[in-house]
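A.B. asks: Pasting a structure below so you can have a look.
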There are 2 protein chains.
Amino acid sequence: MPDPRSSALEFANQHKQRFLDELVEFSRIPSISTDPERNPEIQAAAEWLVEHVGDIGLQNVKIYPTAGHPVVYGDHLAAGPQAPTVLIYGHYDVQPAEPLEKWDTPPFEPTQRGENLYARGASDMKGQVAATANAVAAILQTGSLPINVKFIIEGEEEIGSPNLPEFIEEHRELLACDFALNPDTGMIAPDLPTITYALRGLAYFELRLWGPDQDLHSGVYGGTVHNPAQVLADLIAGMHDEKGRVTLPGFYEDVRALSEEERAEIARLPKTADWYLENTGAPALWGEEGYTPEERVGARPTLEINGLYSGFTGEGSKTVLPAYAMAKISCRLVPDQDPDVVHQQLLQYLEANAPSTVKWEVITMASGPAAISDRNSRWAQAYLKAAQTSWGVVPVFKREGGSVPVVTTFHEILGIESVNIGFGLPTDNLHGPNEKLHLPTWYKGIDALIHFFFNLAN
Amino acid sequence: MPDPRSSALEFANQHKQRFLDELVEFSRIPSISTDPERNPEIQAAAEWLVEHVGDIGLQNVKIYPTAGHPVVYGDHLAAGPQAPTVLIYGHYDVQPAEPLEKWDTPPFEPTQRGENLYARGASDMKGQVAATANAVAAILQTGSLPINVKFIIEGEEEIGSPNLPEFIEEHRELLACDFALNPDTGMIAPDLPTITYALRGLAYFELRLWGPDQDLHSGVYGGTVHNPAQVLADLIAGMHDEKGRVTLPGFYEDVRALSEEERAEIARLPKTADWYLENTGAPALWGEEGYTPEERVGARPTLEINGLYSGFTGEGSKTVLPAYAMAKISCRLVPDQDPDVVHQQLLQYLEANAPSTVKWEVITMASGPAAISDRNSRWAQAYLKAAQTSWGVVPVFKREGGSVPVVTTFHEILGIESVNIGFGLPTDNLHGPNEKLHLPTWYKGIDALIHFFFNLAN
């Protein structure tokens, strides 16, 4: 008699077509969360999931309404209290598909071409949700699940998960677990399984400056009134020094330093300077002195200008001395920076540097700390081993420059760490036209998840 | 029998309401020259003028097409070759009215409140054009015009008069005259008639910067790609030193120094620092060290930021690292600066200071040198006397911060000087929301023009 692990893997191998057919069905639903007119499709996607995870054998399956889009829950707890419990996160909502004319095949008519399945949401993240469900299904169809699983699949990730923290707060017991599995962070390259152990936080501000009461004629007043657009430029210019470091007072004080071991590990990643040049089209790279591009993106805090506005921005020339200037400014944060402290540092900088010729204010638009998890945890190591088995290479640990607020939310409310993985690739065109999922990688991912669930029980 | 001057003044006094009604009609036409969609309104304004100046008795009235917006011409040459001929300049185009929400009444629904008429173009300069036509009308209705007049009213002043020089070149004989009257320069205060003997030039640029090929995720790439908005801020910040001086290489080399006598005269003007504070609402003044506010505005060159744009400027937060950033930058020039030289200085500055992390270009949007004329000419003195009669005070001579390129064009092509006057006030919100015309000043201005035309003949 074959061992349960092999049986589950064999089942998965036998049912590739069924898994694909189900994903096609799921991806056909245009569950776009940003568009209120798509609420029926959001509901349809949640109902599809409920039916699907019920079919594979999950229990307590239910749609939980929230103030926004509902959360789908289902669990399988037969492994008993001595076995680990993993909370499997996912989202069933997708980004808008515009510009539609840039898609080679319609975004909600999933189409296989070569090794890829093209559809909005195929990679972000219906395919990832399906992979976790498929792994559980394969095990349940061929034996018993060696761990306890709880699925929490939300419908508002693409709009910033506004109702998820409250849902988690209100369902702490339901969601109690040992750790979370978040398959929303992808792989660095097709044959390089990746564990994302750190995510940057965010502190996003709008800086508003006022000079004269209203726009002035730049000839009649230019030279006597301090131009707020110029003052804004001065203030922004002063936010970095000549070494590319952020000058907000104390900005680096709380930053957790990179260990030599971590730097060595980051150096193993294939995201070289050339990779960044090719993938951005920038004429040359830039950043904080003393760090590699990948270190700057993942492990160092940054300050970016996300938007600038002042005066006349239309075609042609208008000789105006603007009354108002605005910048959107955001900091990506690393452990152990506190977004509220960074807010104070920005205020201190402005108090010290803004001239008396203007009035100013700062509005906080979004805020969340960074997240970092233990690379040596039992959970991370179980996935490391699983992925190594499936791909035959040692997975890499990486720090991600972006933010995944749910990781922080889980940590803050449930006190758990997340294992952040996934089978999406950098070339999947997430959020863009022709989003696709690389199917060979996806099938390997299902295998890796099967190994993972068995590894967790050992 | 009353003398012709008194009859004309009396006529003007009797027809104030008619003059106002006509101005309201004229100001209702949204002849915005910067917006190609407004071409029909530009045409409508030209046609309105043709009809109007024909009605008051001008001859040879005609719309002359140009490569851009047309020029309206009309003359009255019955005074004969021994009488002086004055070329009366005006423009019928207006600035854009944005931001519309800042207007108390719609910009193209002229509205009288108290002593003012509120409308885009009421002061700059439809009201001024109307004042000259009204003075001529009053004389023609009550007797004969003691001088020859030629009206030239263009439709491209607010976009830098790109086709006017060619038109003047091609119509030298038509436009032959002794001097020009340019009523586009306004008064320093309601009871202080003003002759502007120097005007600043203008060199207006758009600086465009490109970084990555497209907008990037600020989390995924922030810290490796130089943010074009930040580079733009750096470049702008470097364009002034800590003494408020412009740092473009050689910027002050050709600047004609102020004489002690001129500085003394400028010091007599009532435009003190307090005046500038009150009239702008700026929290504090600013400018080049070593000069008074009025000297900075009239006799010193400046560099202003007229507009800034980059990335996301809507409501809320979008975590974008922009691909593009743009600034509208203009220099006000004084004698003897050359706008083409300033263009080269800007390019030199950018070549020396723009980092290799971005691509950039500079587009010249408008360009014209400064102008200065003789305070003791027969024409200037005729207006000095006329205005003194109407207001009962000795007019002041001033240098103007704004640019009137046509003054230079007239000088260069026709070899004539201009008498630069007008009845706009510093509080008229030219180019801003709630532009208005102070009607009592306007009526006095019409009287002054009647006196002026009679004085010229003596």
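Ligands are numbered from 1 in the order shown, chains are lettered A, B, ... in the order of the structure tokens, and residues start at 1 in each chain.
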Extract, using only C-alpha atoms, all DNA, RNA and protein residues at most 12 Å from Gly424 of chain A, discarding same-chain residues fewer than 6 positions from it, and format them as a ChimeraX atom specification.

C.D. replies: /A:116-117,121-129,131,183-194,430,435-445

A.B. asks: Just write the chosen residues, N, CA and C atoms, as an mmCIF file, in the first residue's frame.

C.D. replies:
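Output contents, as saved in again-v3.cif:
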data_model
loop_
_atom_site.group_PDB
_atom_site.id
_atom_site.type_symbol
_atom_site.label_atom_id
_atom_site.label_comp_id
_atom_site.auth_asym_id
_atom_site.auth_seq_id
_atom_site.Cartn_x
_atom_site.Cartn_y
_atom_site.Cartn_z
ATOM 1 N N ASN A 116 0.575 28.674 -20.557
ATOM 2 C CA ASN A 116 -0.055 29.666 -19.684
ATOM 3 C C ASN A 116 -1.572 29.699 -19.819
ATOM 4 N N LEU A 117 -2.215 30.037 -18.718
ATOM 5 C CA LEU A 117 -3.648 30.322 -18.746
ATOM 6 C C LEU A 117 -3.819 31.834 -18.588
ATOM 7 N N GLY A 121 -7.052 37.642 -12.838
ATOM 8 C CA GLY A 121 -7.157 36.910 -11.572
ATOM 9 C C GLY A 121 -6.539 35.530 -11.616
ATOM 10 N N ALA A 122 -6.112 35.057 -12.794
ATOM 11 C CA ALA A 122 -5.561 33.696 -12.873
ATOM 12 C C ALA A 122 -4.368 33.554 -11.942
ATOM 13 N N SER A 123 -3.525 34.602 -11.903
ATOM 14 C CA SER A 123 -2.356 34.559 -11.023
ATOM 15 C C SER A 123 -2.630 35.279 -9.695
ATOM 16 N N ASP A 124 -3.382 36.370 -9.758
ATOM 17 C CA ASP A 124 -3.636 37.228 -8.580
ATOM 18 C C ASP A 124 -5.121 37.260 -8.275
ATOM 19 N N MET A 125 -5.592 36.323 -7.448
ATOM 20 C CA MET A 125 -4.911 35.179 -6.924
ATOM 21 C C MET A 125 -5.814 33.959 -6.930
ATOM 22 N N LYS A 126 -6.730 33.909 -7.922
ATOM 23 C CA LYS A 126 -7.638 32.762 -7.954
ATOM 24 C C LYS A 126 -6.863 31.459 -8.130
ATOM 25 N N GLY A 127 -5.801 31.502 -8.954
ATOM 26 C CA GLY A 127 -4.981 30.301 -9.137
ATOM 27 C C GLY A 127 -4.310 29.866 -7.844
ATOM 28 N N GLN A 128 -3.922 30.823 -7.026
ATOM 29 C CA GLN A 128 -3.245 30.508 -5.768
ATOM 30 C C GLN A 128 -4.242 29.918 -4.758
ATOM 31 N N VAL A 129 -5.445 30.518 -4.727
ATOM 32 C CA VAL A 129 -6.500 29.980 -3.857
ATOM 33 C C VAL A 129 -6.819 28.546 -4.276
ATOM 34 N N ALA A 131 -4.917 26.453 -5.849
ATOM 35 C CA ALA A 131 -3.811 25.532 -5.555
ATOM 36 C C ALA A 131 -3.906 24.984 -4.134
ATOM 37 N N PRO A 183 -0.552 32.547 0.169
ATOM 38 C CA PRO A 183 0.035 32.229 -1.139
ATOM 39 C C PRO A 183 -0.096 33.381 -2.131
ATOM 40 N N ASP A 184 0.033 34.636 -1.640
ATOM 41 C CA ASP A 184 -0.192 35.810 -2.495
ATOM 42 C C ASP A 184 1.107 36.530 -2.842
ATOM 43 N N THR A 185 2.266 35.927 -2.552
ATOM 44 C CA THR A 185 3.506 36.701 -2.765
ATOM 45 C C THR A 185 4.411 36.180 -3.877
ATOM 46 N N GLY A 186 4.090 35.048 -4.463
ATOM 47 C CA GLY A 186 4.757 34.659 -5.707
ATOM 48 C C GLY A 186 6.199 34.186 -5.588
ATOM 49 N N MET A 187 6.759 33.908 -6.764
ATOM 50 C CA MET A 187 8.125 33.408 -6.898
ATOM 51 C C MET A 187 8.955 34.390 -7.700
ATOM 52 N N ILE A 188 10.232 34.409 -7.427
ATOM 53 C CA ILE A 188 11.150 35.324 -8.112
ATOM 54 C C ILE A 188 11.369 34.932 -9.558
ATOM 55 N N ALA A 189 11.365 33.636 -9.845
ATOM 56 C CA ALA A 189 11.615 33.123 -11.195
ATOM 57 C C ALA A 189 10.975 31.739 -11.284
ATOM 58 N N PRO A 190 10.744 31.213 -12.503
ATOM 59 C CA PRO A 190 9.988 29.962 -12.663
ATOM 60 C C PRO A 190 10.577 28.775 -11.906
ATOM 61 N N ASP A 191 11.875 28.721 -11.778
ATOM 62 C CA ASP A 191 12.423 27.564 -11.074
ATOM 63 C C ASP A 191 13.066 27.933 -9.759
ATOM 64 N N LEU A 192 12.557 28.982 -9.170
ATOM 65 C CA LEU A 192 13.138 29.428 -7.915
ATOM 66 C C LEU A 192 12.039 29.645 -6.879
ATOM 67 N N PRO A 193 11.663 28.553 -6.188
ATOM 68 C CA PRO A 193 10.625 28.714 -5.163
ATOM 69 C C PRO A 193 11.080 29.719 -4.116
ATOM 70 N N THR A 194 10.138 30.510 -3.637
ATOM 71 C CA THR A 194 10.494 31.712 -2.883
ATOM 72 C C THR A 194 9.638 31.814 -1.624
ATOM 73 N N LEU A 430 0.433 40.943 -13.364
ATOM 74 C CA LEU A 430 -0.544 41.253 -12.321
ATOM 75 C C LEU A 430 -1.016 42.693 -12.501
ATOM 76 N N GLU A 435 -2.952 39.245 -17.994
ATOM 77 C CA GLU A 435 -2.528 38.507 -16.804
ATOM 78 C C GLU A 435 -2.591 37.024 -17.120
ATOM 79 N N LYS A 436 -1.605 36.290 -16.608
ATOM 80 C CA LYS A 436 -1.582 34.851 -16.910
ATOM 81 C C LYS A 436 -0.984 34.071 -15.746
ATOM 82 N N LEU A 437 -1.214 32.776 -15.795
ATOM 83 C CA LEU A 437 -0.668 31.859 -14.793
ATOM 84 C C LEU A 437 0.156 30.809 -15.539
ATOM 85 N N HIS A 438 1.370 30.587 -15.074
ATOM 86 C CA HIS A 438 2.241 29.597 -15.708
ATOM 87 C C HIS A 438 1.872 28.219 -15.140
ATOM 88 N N LEU A 439 1.249 27.372 -15.979
ATOM 89 C CA LEU A 439 0.632 26.147 -15.462
ATOM 90 C C LEU A 439 1.652 25.123 -14.923
ATOM 91 N N PRO A 440 2.799 24.915 -15.581
ATOM 92 C CA PRO A 440 3.748 23.950 -15.004
ATOM 93 C C PRO A 440 4.185 24.356 -13.584
ATOM 94 N N THR A 441 4.377 25.659 -13.393
ATOM 95 C CA THR A 441 4.747 26.141 -12.056
ATOM 96 C C THR A 441 3.596 25.914 -11.075
ATOM 97 N N TRP A 442 2.407 26.136 -11.554
ATOM 98 C CA TRP A 442 1.218 25.988 -10.710
ATOM 99 C C TRP A 442 1.074 24.521 -10.256
ATOM 100 N N TYR A 443 1.242 23.576 -11.199
ATOM 101 C CA TYR A 443 1.118 22.167 -10.830
ATOM 102 C C TYR A 443 2.207 21.783 -9.823
ATOM 103 N N LYS A 444 3.409 22.301 -10.039
ATOM 104 C CA LYS A 444 4.481 22.020 -9.066
ATOM 105 C C LYS A 444 4.132 22.609 -7.707
ATOM 106 N N GLY A 445 3.467 23.758 -7.738
ATOM 107 C CA GLY A 445 3.055 24.399 -6.496
ATOM 108 C C GLY A 445 2.060 23.539 -5.720
#

A.B. asks: Excluding segment 19-32 of chain A and any residue of its chain fewer than 4 positions from it, enumerate the residues within 9 Å of it, using only C-alpha atoms, and give them as a ChimeraX atom specification.

C.D. replies: /A:12,15,36-46,48-49,52,92-97,107-111,117,119-122,126-127,130-131,134,155,158,439

A.B. asks: If I take atom CA of Asp75 of chain A and atom CA of Ala370 of chain A, how far is one from the other in Å, to one decimal?

C.D. replies: 29.0 Å

A.B. asks: Mind checking DSSP for segment 107-147 of chain B and telling me the alpha helix (DSSP H) residues as a list in words?

C.D. replies: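 So the alpha helix (DSSP H) residues in segment 107-147 of chain B would be Gly127, Gln128, Val129, Ala130, Ala131, Thr132, Ala133, Asn134, Ala135, Val136, Ala137, Ala138, Ile139, Leu140, Gln141 and Thr142 of chain B.
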
A.B. asks: Selection from above, N, CA and C atoms, as a compact mmCIF listing (two decimals), in the first residue's frame, can you write it?

C.D. replies:
# COMPACT_ATOMS: atom_id res chain seq x y z
N GLY B 127 -11.69 95.33 -21.19
CA GLY B 127 -12.08 96.65 -20.68
C GLY B 127 -11.18 97.76 -21.21
N GLN B 128 -9.92 97.46 -21.38
CA GLN B 128 -8.96 98.46 -21.85
C GLN B 128 -9.16 98.74 -23.35
N VAL B 129 -9.40 97.67 -24.10
CA VAL B 129 -9.70 97.83 -25.52
C VAL B 129 -10.95 98.70 -25.68
N ALA B 130 -11.96 98.36 -24.87
CA ALA B 130 -13.22 99.10 -24.94
C ALA B 130 -13.01 100.57 -24.58
N ALA B 131 -12.15 100.84 -23.59
CA ALA B 131 -11.93 102.24 -23.17
C ALA B 131 -11.38 103.07 -24.33
N THR B 132 -10.42 102.52 -25.09
CA THR B 132 -9.86 103.29 -26.21
C THR B 132 -10.92 103.50 -27.29
N ALA B 133 -11.70 102.45 -27.56
CA ALA B 133 -12.76 102.59 -28.56
C ALA B 133 -13.81 103.60 -28.10
N ASN B 134 -14.11 103.56 -26.80
CA ASN B 134 -15.12 104.50 -26.28
C ASN B 134 -14.65 105.95 -26.40
N ALA B 135 -13.37 106.19 -26.12
CA ALA B 135 -12.84 107.57 -26.22
C ALA B 135 -12.91 108.05 -27.66
N VAL B 136 -12.53 107.18 -28.60
CA VAL B 136 -12.61 107.55 -30.01
C VAL B 136 -14.08 107.78 -30.41
N ALA B 137 -14.96 106.90 -29.95
CA ALA B 137 -16.38 107.02 -30.26
C ALA B 137 -16.94 108.36 -29.76
N ALA B 138 -16.59 108.71 -28.54
CA ALA B 138 -17.10 109.95 -27.93
C ALA B 138 -16.68 111.16 -28.74
N ILE B 139 -15.44 111.14 -29.24
CA ILE B 139 -14.95 112.27 -30.04
C ILE B 139 -15.65 112.29 -31.40
N LEU B 140 -15.73 111.09 -32.02
CA LEU B 140 -16.34 111.04 -33.35
C LEU B 140 -17.83 111.38 -33.33
N GLN B 141 -18.49 111.03 -32.24
CA GLN B 141 -19.93 111.31 -32.14
C GLN B 141 -20.22 112.79 -31.94
N THR B 142 -19.24 113.53 -31.46
CA THR B 142 -19.48 114.92 -31.09
C THR B 142 -18.64 115.90 -31.89

A.B. asks: Once the least-squares fit of chain B onto chain A is done over all Cα atoms matched in order, how many Å of RMSD are left?

C.D. replies: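 Between chain A and chain B, the C-alpha RMSD is 3.0 Å.
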
A.B. asks: Would you list the contacts of Ser161 of chain A as a ChimeraX atom specification, taking every protein, DNA or RNA residue within 9 Å and counting only C-alpha atoms, but skipping same-chain residues closer than 6 positions in sequence?

C.D. replies: /A:154-155,405-406

A.B. asks: Please determine, counting only C-alpha atoms, which residue among B:Asn306, B:Thr357, B:Gln381, B:Asn429 has the shortest atom-to-atom distance to Trp286 of chain A.

C.D. replies: B:Thr357

A.B. asks: Taking into account only C-alpha atoms, which residue in the set A:Leu308, A:Ile421, A:Ala352, A:Cys331 is nearest to chain B?

C.D. replies: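 Of the candidates, the smallest distance to chain B is held by A:Leu308.
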
A.B. asks: Pick from A:Tyr309, A:Phe410, A:Tyr349, A:Phe453: nearest to chain B, with only C-alpha atoms counted?

C.D. replies: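 With only C-alpha atoms as the atom set, the closest residue is A:Tyr309.
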
A.B. asks: Just list as a PDB file with N, CA and C atoms, in the first residue's frame whatever in segment 353-412 of chain B DSSP marks as strand (DSSP E or B).

C.D. replies:
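Result saved to selection-v4.pdb:
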ATOM      1  N   LYS B 359      15.861  61.028 -18.346  1.00  0.00           N
ATOM      2  CA  LYS B 359      15.990  61.731 -19.620  1.00  0.00           C
ATOM      3  C   LYS B 359      15.171  63.010 -19.494  1.00  0.00           C
ATOM      4  N   TRP B 360      15.571  64.050 -20.205  1.00  0.00           N
ATOM      5  CA  TRP B 360      14.839  65.314 -20.061  1.00  0.00           C
ATOM      6  C   TRP B 360      14.819  66.081 -21.364  1.00  0.00           C
ATOM      7  N   GLU B 361      13.866  66.981 -21.458  1.00  0.00           N
ATOM      8  CA  GLU B 361      13.868  67.940 -22.560  1.00  0.00           C
ATOM      9  C   GLU B 361      13.242  69.241 -22.088  1.00  0.00           C
ATOM     10  N   VAL B 362      13.582  70.307 -22.806  1.00  0.00           N
ATOM     11  CA  VAL B 362      13.047  71.634 -22.500  1.00  0.00           C
ATOM     12  C   VAL B 362      12.355  72.156 -23.745  1.00  0.00           C
ATOM     13  N   ILE B 363      11.115  72.571 -23.584  1.00  0.00           N
ATOM     14  CA  ILE B 363      10.358  73.157 -24.689  1.00  0.00           C
ATOM     15  C   ILE B 363      10.173  74.645 -24.383  1.00  0.00           C
ATOM     16  N   THR B 364      10.473  75.499 -25.353  1.00  0.00           N
ATOM     17  CA  THR B 364      10.216  76.929 -25.163  1.00  0.00           C
ATOM     18  C   THR B 364       8.766  77.210 -25.520  1.00  0.00           C
ATOM     19  N   MET B 365       8.021  77.773 -24.589  1.00  0.00           N
ATOM     20  CA  MET B 365       6.595  77.999 -24.792  1.00  0.00           C
ATOM     21  C   MET B 365       6.312  79.454 -25.188  1.00  0.00           C
ATOM     22  N   ALA B 366       7.143  80.362 -24.768  1.00  0.00           N
ATOM     23  CA  ALA B 366       6.931  81.777 -25.073  1.00  0.00           C
ATOM     24  C   ALA B 366       8.248  82.492 -24.799  1.00  0.00           C
ATOM     25  N   SER B 367       8.445  83.598 -25.491  1.00  0.00           N
ATOM     26  CA  SER B 367       9.756  84.221 -25.444  1.00  0.00           C
ATOM     27  C   SER B 367       9.684  85.661 -25.931  1.00  0.00           C
ATOM     28  N   GLY B 368      10.275  86.581 -25.195  1.00  0.00           N
ATOM     29  CA  GLY B 368      10.320  87.976 -25.644  1.00  0.00           C
ATOM     30  C   GLY B 368      11.223  88.785 -24.735  1.00  0.00           C
ATOM     31  N   ALA B 371      11.485  95.632 -22.469  1.00  0.00           N
ATOM     32  CA  ALA B 371      11.402  96.888 -23.234  1.00  0.00           C
ATOM     33  C   ALA B 371      11.552  98.056 -22.271  1.00  0.00           C
ATOM     34  N   ILE B 372      12.133  99.131 -22.764  1.00  0.00           N
ATOM     35  CA  ILE B 372      12.242 100.348 -21.949  1.00  0.00           C
ATOM     36  C   ILE B 372      12.069 101.543 -22.885  1.00  0.00           C
ATOM     37  N   VAL B 396       2.602 108.670 -12.008  1.00  0.00           N
ATOM     38  CA  VAL B 396       3.930 108.119 -11.727  1.00  0.00           C
ATOM     39  C   VAL B 396       4.424 107.313 -12.936  1.00  0.00           C
ATOM     40  N   PHE B 397       5.737 107.312 -13.049  1.00  0.00           N
ATOM     41  CA  PHE B 397       6.389 106.433 -14.014  1.00  0.00           C
ATOM     42  C   PHE B 397       6.824 105.180 -13.279  1.00  0.00           C
ATOM     43  N   LYS B 398       6.547 104.039 -13.859  1.00  0.00           N
ATOM     44  CA  LYS B 398       7.000 102.818 -13.189  1.00  0.00           C
ATOM     45  C   LYS B 398       7.559 101.792 -14.169  1.00  0.00           C
ATOM     46  N   ARG B 399       8.339 100.898 -13.594  1.00  0.00           N
ATOM     47  CA  ARG B 399       8.760  99.694 -14.307  1.00  0.00           C
ATOM     48  C   ARG B 399       7.777  98.599 -13.967  1.00  0.00           C
ATOM     49  N   GLU B 400       7.409  97.814 -14.939  1.00  0.00           N
ATOM     50  CA  GLU B 400       6.403  96.777 -14.745  1.00  0.00           C
ATOM     51  C   GLU B 400       7.064  95.413 -14.739  1.00  0.00           C
TER      52      GLU B 400
END

A.B. asks: Could you please determine the separation between atom CA of Val404 of chain B and atom CA of Arg200 of chain B in Å, to one decimal place?

C.D. replies: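 Calculated distance between atom CA of Val404 of chain B and atom CA of Arg200 of chain B is 7.5 Å.
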
A.B. asks: Could you give me, as a PyMOL selection string, the residues within 7 Å of segment 297-303 of chain B, counting only C-alpha atoms and dropping anything in the same chain fewer than 5 positions from it?

C.D. replies: (chain A and resi 220-224) or (chain B and resi 200+246+330-334+399-401)

A.B. asks: Can you work out the spacing between atom CA of Gly307 of chain B and atom CA of Leu346 of chain B in Å, to one decimal?

C.D. replies: 16.9 Å

A.B. asks: I'd like to know which of B:Ala198, B:Leu347, B:Leu216, B:Leu174 is closest to Glu262 of chain B, using only C-alpha atoms.

C.D. replies: B:Ala198

A.B. asks: Neighbours of Val341 of chain A within 10 Å (only C-alpha atoms; same-chain residues fewer than 2 positions away dropped), as a list of chain:residue names?

C.D. replies: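 What passes the distance filter is A:Ala203, A:Gly250, A:Phe251, A:Asp254, A:Gln337, A:Asp338, A:Pro339, A:His343, A:Gln344, A:Gln345, A:Leu346, A:Leu347.
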
A.B. asks: Taking only C-alpha atoms into account, which of B:Thr280, B:Thr389, B:Gln348, B:Gln59 comes nearest chain A?

C.D. replies: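 Using only C-alpha atoms, chain A sits closest to B:Thr280.
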
A.B. asks: Here is a test: counting only C-alpha atoms, which residue of A:Tyr291, A:Tyr73, A:Phe452, A:Trp103 is nearest to chain B?

C.D. replies: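 Answer, going by the shortest atom-to-atom distance: A:Tyr291.
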